[in-house]
$ cat final_1.txt   # compact mmCIF, C-alpha atoms
# COMPACT_ATOMS: atom_id res chain seq x y z
CA MET A 185 80.80 -21.12 121.11
CA LYS A 186 80.90 -22.22 117.49
CA ARG A 187 79.93 -25.76 118.49
CA TYR A 188 76.96 -24.39 120.44
CA LEU A 189 75.67 -22.35 117.48
CA LEU A 190 76.13 -25.29 115.16
CA GLY A 191 74.06 -27.46 117.49
CA LEU A 192 71.25 -24.92 117.56
CA LEU A 193 71.19 -24.79 113.76
CA VAL A 194 70.98 -28.58 113.52
CA VAL A 195 68.10 -28.73 116.00
CA ALA A 196 66.27 -25.88 114.25
CA GLY A 197 66.59 -27.63 110.89
CA PHE A 198 65.26 -30.85 112.34
CA LEU A 199 62.26 -29.10 113.87
CA PHE A 200 61.51 -27.27 110.63
CA SER A 201 61.60 -30.47 108.65
CA GLN A 202 59.06 -32.10 111.02
CA THR A 203 56.28 -29.59 110.10
CA ARG A 204 55.55 -31.74 107.01
CA VAL A 205 55.06 -35.37 108.03
CA ASP A 206 55.28 -38.10 105.40
CA LEU A 207 52.59 -40.50 106.69
CA GLY A 208 53.49 -43.08 104.08
CA ARG A 209 57.00 -43.54 105.60
CA GLN A 210 56.78 -42.08 109.08
CA GLY A 211 53.18 -42.75 110.17
CA LYS A 212 52.20 -45.83 112.17
CA ARG A 213 48.53 -46.50 112.89
CA PRO A 214 47.44 -42.84 112.47
CA ASP A 215 44.27 -42.05 114.45
CA PHE A 216 42.27 -38.99 113.32
CA ALA A 217 39.30 -39.56 115.63
CA ALA A 218 40.27 -36.81 118.07
CA MET A 219 41.20 -34.23 115.45
CA GLN A 220 38.96 -31.18 115.24
CA ASP A 221 38.95 -30.83 111.47
CA THR A 222 40.00 -33.39 108.83
CA LYS A 223 39.80 -33.43 105.03
CA PRO A 224 41.03 -36.82 103.86
CA VAL A 225 40.38 -36.31 100.12
CA GLN A 226 40.87 -33.62 97.51
CA ALA A 227 37.87 -31.41 96.67
CA ALA A 228 37.10 -29.27 93.61
CA PRO A 229 34.20 -28.58 91.18
CA GLU A 230 35.72 -30.77 88.43
CA LEU A 231 37.32 -34.20 88.49
CA PRO A 232 41.05 -34.29 87.61
CA SER A 233 41.72 -35.69 84.17
CA ALA A 234 44.46 -37.99 85.53
CA CYS A 235 44.36 -40.32 88.52
CA THR A 236 45.93 -43.50 89.84
CA VAL A 237 44.18 -46.52 91.31
CA GLY A 238 43.03 -45.93 94.89
CA GLN A 239 42.66 -42.14 94.77
CA LEU A 240 39.50 -40.53 96.16
CA PHE A 241 38.07 -37.17 95.10
CA PHE A 242 35.14 -35.13 96.39
CA LYS A 243 33.37 -33.25 93.59
CA THR A 244 31.82 -30.10 95.03
CA GLY A 245 28.53 -28.64 93.78
CA ALA A 246 27.37 -31.99 92.39
CA GLY A 247 24.48 -32.44 94.81
CA GLY A 248 24.21 -35.30 97.24
CA ALA A 249 23.68 -37.94 94.57
CA GLN A 250 27.21 -38.29 93.12
CA SER A 251 29.86 -36.45 95.18
CA LEU A 252 32.58 -38.92 96.17
CA TYR A 253 34.54 -40.60 93.38
CA ALA A 254 37.15 -43.35 93.36
CA CYS A 255 39.84 -43.99 90.76
CA VAL A 256 39.11 -47.61 89.79
CA SER A 257 41.78 -47.76 87.08
CA ASP A 258 44.29 -45.31 85.77
CA ASN A 259 42.53 -42.10 84.73
CA GLN A 260 39.04 -43.53 85.28
CA TRP A 261 36.75 -42.19 88.02
CA GLU A 262 33.55 -43.83 89.29
CA ALA A 263 31.01 -42.45 91.76
CA VAL A 264 31.00 -44.33 95.05
CA SER A 265 28.35 -42.41 97.01
CA GLY A 266 25.00 -40.83 96.45
CA LEU A 267 22.49 -42.31 98.89
CA ARG A 268 21.68 -39.16 100.84
CA GLY A 269 20.72 -39.99 104.40
CA CYS A 270 20.27 -43.66 103.50
CA SER A 271 20.99 -46.50 105.87
CA VAL A 272 21.32 -50.27 105.65
CA ASP A 273 20.17 -52.37 108.61
CA GLU A 274 21.45 -55.74 109.81
CA ASN A 275 19.09 -57.51 107.36
CA ASN A 276 20.53 -55.57 104.40
CA ASN A 277 17.34 -53.48 104.02
CA LEU A 278 17.96 -50.10 102.38
CA THR A 279 16.04 -47.09 103.72
CA CYS A 280 16.18 -43.61 102.15
CA PRO A 281 14.25 -40.50 103.24
CA GLY A 282 12.03 -38.58 100.81
CA ASP A 283 11.80 -39.37 97.10
CA LEU A 284 14.00 -41.95 95.46
CA LEU A 285 15.69 -40.07 92.62
CA SER A 286 17.56 -41.37 89.61
CA GLY A 287 20.03 -40.11 87.05
CA ASP A 288 20.22 -36.34 87.15
CA ALA A 289 17.29 -36.23 89.61
CA SER A 290 15.19 -34.24 87.14
CA ARG A 291 12.14 -36.52 87.57
CA PRO A 292 11.25 -37.02 91.24
CA GLY A 293 9.48 -40.24 92.07
CA GLU A 294 11.06 -42.25 89.26
CA LEU A 295 12.94 -45.46 89.93
CA ALA A 296 15.36 -46.19 87.11
CA LEU A 297 17.48 -49.29 86.56
CA TYR A 298 20.60 -48.51 84.52
CA GLU A 299 22.77 -51.09 82.81
CA LEU A 300 26.04 -51.82 84.57
CA PRO A 301 28.77 -51.64 81.86
CA ALA A 302 30.87 -48.49 81.96
CA ASN A 303 29.77 -47.48 78.48
CA GLY A 304 26.09 -48.12 79.21
CA GLY A 305 23.33 -45.55 79.09
CA ASP A 306 20.24 -47.69 78.56
CA PHE A 307 17.77 -48.09 81.39
CA ILE A 308 14.25 -49.13 82.29
CA SER A 309 12.17 -47.16 84.75
CA TRP A 310 8.93 -46.79 86.61
CA LEU A 311 7.53 -43.27 86.83
CA ALA A 312 4.81 -42.58 89.38
CA PRO A 313 2.39 -39.91 88.08
CA GLN A 314 1.66 -37.06 90.43
CA SER A 315 -2.08 -37.71 89.97
CA ILE A 316 -1.99 -40.84 92.19
CA PRO A 317 -3.94 -39.77 95.29
CA LEU A 318 -2.65 -42.48 97.64
CA THR A 319 0.44 -44.51 98.31
CA TYR A 320 0.29 -47.87 96.56
CA ARG A 321 2.40 -50.97 97.10
CA LEU A 322 2.81 -53.60 94.40
CA ARG A 323 3.29 -57.08 95.86
CA LEU A 324 5.11 -59.56 93.64
CA PRO A 325 3.77 -63.12 93.24
CA PRO A 326 5.20 -65.75 95.63
CA ALA A 327 6.41 -68.02 92.82
CA PRO A 328 8.44 -67.40 89.63
CA PRO A 329 6.65 -67.16 86.26
CA ALA A 330 6.40 -69.80 83.59
CA SER A 331 7.85 -69.08 80.18
CA GLY A 332 5.90 -66.37 78.33
CA GLN A 333 3.85 -65.20 81.31
CA VAL A 334 3.42 -61.51 82.15
CA LEU A 335 2.99 -59.70 85.46
CA THR A 336 -0.46 -58.22 86.17
CA PHE A 337 -1.83 -56.58 89.30
CA SER A 338 -5.21 -56.66 90.99
CA THR A 339 -7.21 -53.60 91.99
CA PRO A 340 -5.48 -52.18 95.10
CA SER A 341 -7.02 -53.19 98.41
CA GLU A 342 -5.97 -51.10 101.40
CA GLY A 343 -3.19 -49.65 99.29
CA VAL A 344 -1.76 -53.01 98.13
CA ALA A 345 -2.11 -54.45 94.60
CA GLN A 346 -1.37 -58.17 94.41
CA GLY A 347 0.67 -59.29 91.44
CA SER A 348 0.12 -62.53 89.56
CA TRP A 349 1.62 -64.25 86.55
CA THR A 350 -0.76 -64.66 83.61
CA THR A 351 -0.45 -65.97 80.09
CA PRO A 352 -1.39 -63.09 77.74
CA ALA A 353 -4.06 -63.63 75.12
CA ALA A 354 -3.43 -62.62 71.55
CA GLY A 355 -4.02 -58.90 70.98
CA GLY A 356 -4.34 -56.63 67.98
CA GLN A 357 -6.02 -58.09 64.93
CA THR A 358 -5.25 -61.73 65.72
CA SER A 359 -7.97 -64.02 64.40
CA PRO A 360 -10.08 -65.56 67.17
CA LEU A 361 -9.33 -69.15 68.09
CA ILE A 362 -12.82 -70.39 67.26
CA ASP A 363 -13.76 -73.64 65.60
CA PRO A 364 -15.04 -73.07 62.03
CA SER A 365 -18.19 -75.06 62.75
CA THR A 366 -19.90 -71.99 64.18
CA LEU A 367 -23.03 -69.98 63.72
CA VAL A 368 -22.29 -66.49 62.39
CA LEU A 369 -24.97 -63.83 62.82
CA LEU A 370 -24.46 -60.42 61.27
CA ASP A 371 -26.76 -57.42 61.40
CA GLU A 372 -26.15 -54.20 59.47
CA PHE A 373 -29.55 -53.00 60.74
CA LEU A 374 -31.19 -53.04 57.35
CA PRO A 375 -34.86 -53.39 58.33
CA THR A 376 -37.14 -56.25 57.48
CA THR A 377 -39.72 -53.50 57.14
CA ALA A 378 -38.39 -49.99 56.64
CA LEU A 379 -40.31 -47.83 59.10
CA ALA A 380 -39.02 -44.34 59.65
CA GLY A 381 -39.06 -43.35 63.29
CA GLY A 382 -38.88 -46.86 64.72
CA GLY A 383 -40.56 -50.21 64.27
CA ALA A 384 -38.98 -53.36 62.89
CA PHE A 385 -35.37 -53.13 61.79
CA GLY A 386 -32.62 -55.67 61.33
CA GLN A 387 -32.75 -59.41 60.99
CA LEU A 388 -32.13 -60.50 64.61
CA GLY A 389 -35.31 -59.31 66.30
CA TRP A 390 -34.06 -56.14 67.93
CA GLN A 391 -36.41 -54.53 70.43
CA PRO A 392 -36.35 -50.92 71.67
CA VAL A 393 -35.57 -49.89 75.24
CA GLY A 394 -37.41 -46.70 76.12
CA GLY A 395 -38.11 -43.92 73.65
CA GLY A 396 -35.79 -42.07 71.32
CA VAL A 397 -34.99 -45.06 69.07
CA ASN A 398 -34.98 -44.05 65.42
CA TYR A 399 -34.01 -46.04 62.35
CA MET A 400 -32.22 -43.90 59.78
CA GLU A 401 -33.36 -44.69 56.24
CA SER A 402 -31.53 -43.94 53.06
CA SER A 403 -32.32 -40.45 51.82
CA SER A 404 -30.76 -37.50 50.06
CA THR A 405 -29.27 -36.35 53.36
CA ASN A 406 -28.43 -39.83 54.64
CA PRO A 407 -27.09 -42.08 51.86
CA TRP A 408 -26.05 -44.76 54.39
CA PRO A 409 -29.05 -46.75 55.61
CA GLY A 410 -28.73 -49.21 58.44
CA LEU A 411 -27.96 -46.81 61.31
CA VAL A 412 -30.02 -46.67 64.49
CA GLU A 413 -30.11 -43.46 66.49
CA LEU A 414 -30.49 -43.62 70.29
CA THR A 415 -31.40 -40.23 71.79
CA SER A 416 -32.15 -39.43 75.43
CA ASN A 417 -34.36 -36.46 74.44
CA GLY A 418 -33.39 -34.41 77.46
CA THR A 419 -35.09 -36.67 80.01
CA VAL A 420 -33.46 -37.28 83.38
CA ASN A 421 -32.65 -40.92 84.21
CA GLN A 422 -34.02 -42.10 80.85
CA ALA A 423 -32.85 -45.33 79.17
CA ASN A 424 -32.77 -45.56 75.39
CA GLY A 425 -31.43 -48.54 73.52
CA ILE A 426 -31.99 -51.73 71.60
CA HIS A 427 -31.57 -55.38 72.51
CA ALA A 428 -31.83 -58.63 70.56
CA ALA A 429 -33.71 -60.73 73.10
CA GLY A 430 -36.47 -61.56 70.65
CA TYR A 431 -39.17 -62.24 73.24
CA GLY A 432 -37.85 -60.10 76.02
CA PHE A 433 -34.93 -60.47 78.38
CA SER A 434 -36.25 -63.70 79.84
CA TYR A 435 -35.76 -65.43 76.50
CA PRO A 436 -32.36 -67.16 76.36
CA TRP A 437 -30.95 -65.51 73.24
CA PHE A 438 -27.54 -66.38 74.67
CA TRP A 439 -27.11 -68.26 77.92
CA ASN A 440 -24.56 -70.11 80.09
CA ALA A 441 -21.78 -67.76 78.94
CA SER A 442 -19.35 -68.90 81.64
CA GLN A 443 -19.42 -72.54 80.54
CA ARG A 444 -19.48 -72.02 76.81
CA THR A 445 -16.41 -71.45 74.64
CA GLY A 446 -15.92 -70.61 71.00
CA TRP A 447 -18.08 -67.47 71.01
CA GLU A 448 -17.42 -63.87 70.02
CA PHE A 449 -19.50 -60.68 69.86
CA GLU A 450 -18.67 -57.39 68.19
CA PHE A 451 -20.58 -54.13 68.64
CA ALA A 452 -19.93 -51.15 66.35
CA PHE A 453 -21.31 -47.68 67.10
CA LYS A 454 -20.48 -44.00 67.08
CA SER A 455 -20.35 -41.62 70.01
CA ASP A 456 -22.19 -38.55 68.78
CA PRO A 457 -21.07 -34.92 69.40
CA TYR A 458 -24.36 -34.35 71.27
CA PHE A 459 -23.31 -37.04 73.71
CA GLY A 460 -21.66 -35.12 76.54
CA SER A 461 -21.69 -35.25 80.32
CA GLN A 462 -24.23 -36.87 82.67
CA HIS A 463 -24.61 -40.20 80.90
CA ILE A 464 -24.15 -43.96 81.08
CA THR A 465 -23.26 -45.81 77.88
CA ARG A 466 -23.18 -49.60 77.92
CA VAL A 467 -22.72 -52.24 75.21
CA GLY A 468 -22.44 -55.99 75.66
CA LEU A 469 -24.41 -58.94 76.98
CA VAL A 470 -26.81 -58.23 79.84
CA SER A 471 -29.74 -59.84 81.66
CA ALA A 472 -31.72 -56.58 81.80
CA SER A 473 -31.51 -52.97 80.67
CA SER A 474 -31.38 -51.66 84.24
CA GLN A 475 -28.56 -49.42 85.38
CA THR A 476 -27.04 -52.39 87.24
CA PRO A 477 -27.87 -55.66 85.45
CA SER A 478 -27.57 -58.69 87.72
CA ASP A 479 -25.78 -60.75 85.06
CA GLY A 480 -23.68 -60.07 82.01
CA VAL A 481 -20.41 -58.90 80.55
CA TRP A 482 -20.11 -55.43 79.01
CA ALA A 483 -18.08 -52.31 78.30
CA GLU A 484 -19.29 -49.03 79.73
CA VAL A 485 -18.60 -45.37 80.36
CA VAL A 486 -20.19 -43.89 83.48
CA ASN A 487 -19.87 -40.11 83.68
CA ASN A 488 -22.60 -38.58 85.81
CA THR A 489 -24.01 -37.69 89.19
CA GLY A 490 -27.67 -37.67 88.15
CA CYS A 491 -28.34 -41.41 87.75
CA THR A 492 -28.38 -44.12 90.39
CA VAL A 493 -25.07 -45.50 89.12
CA THR A 494 -22.59 -42.62 89.36
CA GLY A 495 -18.97 -42.14 88.41
CA ALA A 496 -16.48 -40.22 86.30
CA ASN A 497 -14.76 -42.53 83.81
CA ALA A 498 -12.33 -41.00 81.33
CA ASN A 499 -11.75 -44.44 79.77
CA TRP A 500 -13.95 -47.33 78.80
CA THR A 501 -14.22 -49.91 81.57
CA PHE A 502 -15.05 -53.62 81.49
CA VAL A 503 -17.47 -55.38 83.86
CA THR A 504 -18.65 -58.96 84.44
CA ARG A 505 -21.46 -59.87 86.84
CA ALA A 506 -23.25 -63.03 87.99
CA GLY A 507 -26.26 -63.10 90.30
CA GLY A 508 -25.83 -59.47 91.30
CA THR A 509 -22.14 -59.66 92.17
CA GLY A 510 -19.01 -59.52 90.09
CA SER A 511 -15.94 -57.59 89.19
CA SER A 512 -15.37 -53.93 89.82
CA PRO A 513 -15.06 -51.93 86.58
CA LEU A 514 -11.64 -52.64 85.06
CA ASP A 515 -9.99 -49.80 83.14
CA SER A 516 -9.45 -50.70 79.48
CA GLY A 517 -6.86 -47.97 78.94
CA ILE A 518 -8.85 -46.72 75.90
CA MET A 519 -10.22 -43.20 76.29
CA TYR A 520 -13.85 -42.40 75.62
CA ALA A 521 -14.32 -39.65 73.01
CA THR A 522 -17.21 -38.00 71.21
CA ASN A 523 -17.71 -38.12 67.44
CA THR A 524 -15.71 -41.36 67.31
CA TYR A 525 -16.57 -44.82 66.05
CA PHE A 526 -15.86 -47.63 68.50
CA LYS A 527 -15.93 -51.39 68.16
CA ILE A 528 -16.24 -53.46 71.33
CA ARG A 529 -15.17 -57.10 71.01
CA MET A 530 -15.67 -59.83 73.60
CA ARG A 531 -14.88 -63.50 73.15
CA SER A 532 -14.24 -66.70 75.08
CA VAL A 533 -11.85 -69.50 74.21
CA THR A 534 -11.62 -70.89 77.78
CA ALA A 535 -14.55 -71.68 80.06
CA GLY A 536 -14.92 -69.18 82.89
CA ASN A 537 -12.86 -66.53 81.13
CA VAL A 538 -13.80 -63.71 78.75
CA LEU A 539 -11.48 -61.48 76.71
CA LEU A 540 -12.43 -57.87 75.95
CA SER A 541 -10.83 -55.31 73.64
CA ILE A 542 -11.67 -52.02 71.91
CA SER A 543 -11.02 -50.51 68.50
CA ALA A 544 -11.23 -46.70 68.44
CA GLY A 545 -11.67 -44.70 65.24
CA GLY A 546 -11.13 -47.70 62.98
CA GLY A 547 -7.76 -48.60 64.51
CA ALA A 548 -6.49 -52.00 65.57
CA TYR A 549 -8.02 -53.66 68.58
CA SER A 550 -6.34 -52.96 71.90
CA ASP A 551 -4.60 -55.72 73.83
CA GLU A 552 -7.25 -58.00 75.23
CA VAL A 553 -8.14 -57.71 78.90
CA PRO A 554 -9.04 -61.07 80.52
CA LEU A 555 -11.84 -61.17 83.08
CA PRO A 556 -13.40 -64.10 84.94
CA ILE A 557 -17.03 -64.75 84.04
CA ALA A 558 -19.42 -66.87 86.13
CA THR A 559 -22.90 -66.11 84.84
CA THR A 560 -25.08 -68.90 83.42
CA ALA A 561 -28.12 -66.62 83.05
CA ALA A 562 -30.00 -65.70 79.89
CA LEU A 563 -28.26 -62.73 78.25
CA ALA A 564 -29.14 -60.41 75.40
CA PRO A 565 -26.88 -58.25 73.21
CA VAL A 566 -27.64 -54.61 73.98
CA PHE A 567 -26.73 -51.04 73.08
CA VAL A 568 -28.11 -48.77 75.79
CA LEU A 569 -27.76 -45.09 76.68
CA TRP A 570 -28.89 -43.56 79.96
CA GLY A 571 -29.37 -39.80 79.98
CA CYS A 572 -28.79 -38.58 83.53
CA ASP A 573 -29.56 -34.89 83.12
CA ASN A 574 -31.94 -32.79 81.06
CA GLN A 575 -29.65 -32.57 78.03
CA ASN A 576 -29.85 -34.44 74.72
CA HIS A 577 -27.37 -37.32 74.39
CA ARG A 578 -27.04 -39.58 71.39
CA ILE A 579 -25.16 -42.55 69.98
CA ILE A 580 -25.43 -44.06 66.50
CA VAL A 581 -25.59 -47.86 66.32
CA ASP A 582 -23.91 -49.15 63.18
CA ARG A 583 -23.27 -52.90 63.26
CA PHE A 584 -23.52 -56.10 65.32
CA GLN A 585 -21.93 -59.50 64.78
CA ALA A 586 -22.10 -62.74 66.72
CA VAL A 587 -20.00 -65.86 66.21
CA VAL A 588 -21.30 -68.71 68.38
CA GLY A 589 -20.07 -72.30 68.50
CA ARG A 590 -22.78 -74.76 67.51

$ encode --input "final_1.txt" --output "structure tokens"
Amino acid sequence: MKRYLLGLLVVAGFLFSQTRVDLGRQGKRPDFAAMQDTKPVQAAPELPSACTVGQLFFKTGAGGAQSLYACVSDNQWEAVSGLRGCSVDENNNLTCPGDLLSGDASRPGELALYELPANGGDFISWLAPQSIPLTYRLRLPPAPPASGQVLTFSTPSEGVAQGSWTTPAAGGQTSPLIDPSTLVLLDEFLPTTALAGGGAFGQLGWQPVGGGVNYMESSSTNPWPGLVELTSNGTVNQANGIHAAGYGFSYPWFWNASQRTGWEFEFAFKSDPYFGSQHITRVGLVSASSQTPSDGVWAEVVNNTGCTVTGANANWTFVTRAGGTGSSPLDSGIMYATNTYFKIRMRSVTAGNVLLSISAGGGAYSDEVPLPIATTAALAPVFVLWGCDNQNHRIIVDRFQAVVGR
């Protein structure tokens, strides 16, 4: 009887000890596939302060981006997951649903590239503004860049903007690369004959476009002579401006712009507080004062629905045209503003290419925007204002300079 009881106690102790299996010593090829519920790693809201290499830990409440951590060295955890619902196909293409988030996911739509060292925190990023109305794709160039080149993109076509490598031109206040044997023409609009209300003014043969052109003489209320006022006078679809064609726009004051190099033009003027909505403002070289010149290169703001040429530009845009066709307006990145002096500069140091930049409020010139130019027509420098509603609009012309290679 005693032997029987002793045997039962031994068996019971053995069975009790088997309720806790040591897989490290007793397991052999454990298969959890058929188990109803498994939790292979620890889980808690905070990472343990101590760990050994090979440990895994699931941090709860951290969101899908960084939940599973691995101990990569003693007491050092690193996130090993965070691509919610993402998949990688046989070609190693990564696909993720919804927005691609970065960091703490506080800025949806931003792609950030963080540095890899463990102590790193620096990153570069692209942030897509919520104002973009469509989905755009940026296609990289097929070849690598040369030293010093920068990546630029074309106007999107069917949602795709083609990238290309370009050599940037000098920006800011860099002196133009023009041979010193040049012809320099400067006009401060001091009249050859001072005629209040219009008439002859300046040294370069400026001619009026439409009405509302007024030379501002020196007086007790205007101690700064040499300003020309262009006012639309509340007329719908009315052009007002000045050009330096001399004998009309057919006279080649400046011609063959695409083939000539070593030239520069600068236009200085002020956008007046009266100058509000429903207008077209254009300065540059044109073949005519029409709303759509067939040839030329210019800077413009189009903000109206009342004229033939319509649009809503917040920034100055750049345009080149030849024979009635040419580039779409290219955003300069410089905002149009009232009661502000602007200087528009355009120059060419390479045939078939023109560089445009803007100085706002007396500041440095913006980075130059390169545009192709193909026109060989006769062009005239022009300041022109189109009033497209029945309100008064006005700009004040202050200065013009031309530097042309002989």

$ residues_around --input "final_1.txt" --residues "Asn488 (chain A)" --least-positions-apart "6" --cutoff "7 Å" --atoms "all atoms listed in the file" --output "JSON, numbers by chain"
{"A": [461, 462, 463, 494, 495, 496, 572]}

$ atom_distance --input "final_1.txt" --atom1 "CA of Arg444 (chain A)" --atom2 "CA of Thr465 (chain A)"
26.5 Å

$ closest_residue --input "final_1.txt" --among "A:Leu367, A:Val334, A:Leu555, A:Ala263" --to "Asn537 (chain A)" --atoms "only C-alpha atoms"
A:Leu555

$ axis_aligned_box --input "final_1.txt" --around "region 508-519 of chain A" --padding-each-side "3 Å" --output "lines of an AutoDock Vina configuration file"
center_x = -16.3
center_y = -51.4
center_z = 84.0
size_x = 25.0
size_y = 22.5
size_z = 22.3

$ closest_residue --input "final_1.txt" --among "A:Ile580, A:Ala506, A:Leu369, A:Val344" --to "Glu413 (chain A)" --atoms "all atoms listed in the file"
A:Ile580

$ residues_around --input "final_1.txt" --residues "Val412 (chain A)" --least-positions-apart "4" --cutoff "8 Å" --atoms "only C-alpha atoms" --output "list in words"
Phe373, Val397, Asn398, Tyr399, Met400, Ile580, Val581 and Asp582 of chain A

$ decode --input "final_1.txt" --residues "region 408-427 of chain A" --atoms "N, CA and C atoms" --output "compact mmCIF listing (two decimals), in the first residue's frame"
# COMPACT_ATOMS: atom_id res chain seq x y z
N TRP A 408 9.65 114.83 -57.18
CA TRP A 408 10.44 113.85 -57.93
C TRP A 408 9.95 113.78 -59.37
N PRO A 409 10.51 114.57 -60.26
CA PRO A 409 10.09 114.49 -61.66
C PRO A 409 10.61 113.21 -62.29
N GLY A 410 10.09 112.90 -63.47
CA GLY A 410 10.56 111.73 -64.17
C GLY A 410 9.71 110.50 -63.95
N LEU A 411 8.48 110.66 -63.45
CA LEU A 411 7.55 109.55 -63.30
C LEU A 411 6.44 109.68 -64.34
N VAL A 412 6.01 108.55 -64.87
CA VAL A 412 4.94 108.52 -65.86
C VAL A 412 3.79 107.72 -65.27
N GLU A 413 2.62 108.32 -65.25
CA GLU A 413 1.44 107.69 -64.68
C GLU A 413 0.60 107.07 -65.79
N LEU A 414 0.27 105.79 -65.64
CA LEU A 414 -0.60 105.07 -66.58
C LEU A 414 -1.89 104.75 -65.85
N THR A 415 -3.01 105.33 -66.32
CA THR A 415 -4.30 105.17 -65.64
C THR A 415 -5.34 104.67 -66.61
N SER A 416 -6.12 103.65 -66.21
CA SER A 416 -7.12 103.08 -67.10
C SER A 416 -8.37 103.93 -67.17
N ASN A 417 -8.58 104.84 -66.23
CA ASN A 417 -9.70 105.79 -66.25
C ASN A 417 -11.07 105.11 -66.27
N GLY A 418 -11.16 103.94 -65.69
CA GLY A 418 -12.45 103.29 -65.54
C GLY A 418 -13.06 102.76 -66.81
N THR A 419 -12.26 102.57 -67.86
CA THR A 419 -12.78 102.07 -69.13
C THR A 419 -12.56 100.57 -69.23
N VAL A 420 -13.57 99.84 -69.70
CA VAL A 420 -13.47 98.40 -69.82
C VAL A 420 -12.62 98.05 -71.04
N ASN A 421 -11.69 97.09 -70.86
CA ASN A 421 -10.85 96.60 -71.95
C ASN A 421 -10.02 97.72 -72.58
N GLN A 422 -9.48 98.60 -71.75
CA GLN A 422 -8.74 99.76 -72.23
C GLN A 422 -7.25 99.58 -71.94
N ALA A 423 -6.42 99.74 -72.99
CA ALA A 423 -4.97 99.66 -72.83
C ALA A 423 -4.40 101.04 -72.60
N ASN A 424 -3.49 101.15 -71.64
CA ASN A 424 -2.75 102.38 -71.38
C ASN A 424 -1.30 102.01 -71.14
N GLY A 425 -0.40 102.70 -71.83
CA GLY A 425 1.00 102.36 -71.65
C GLY A 425 1.91 103.22 -72.48
N ILE A 426 3.18 102.87 -72.45
CA ILE A 426 4.18 103.56 -73.26
C ILE A 426 5.13 102.53 -73.85
N HIS A 427 5.63 102.81 -75.05
CA HIS A 427 6.60 101.94 -75.68
C HIS A 427 7.66 102.80 -76.35
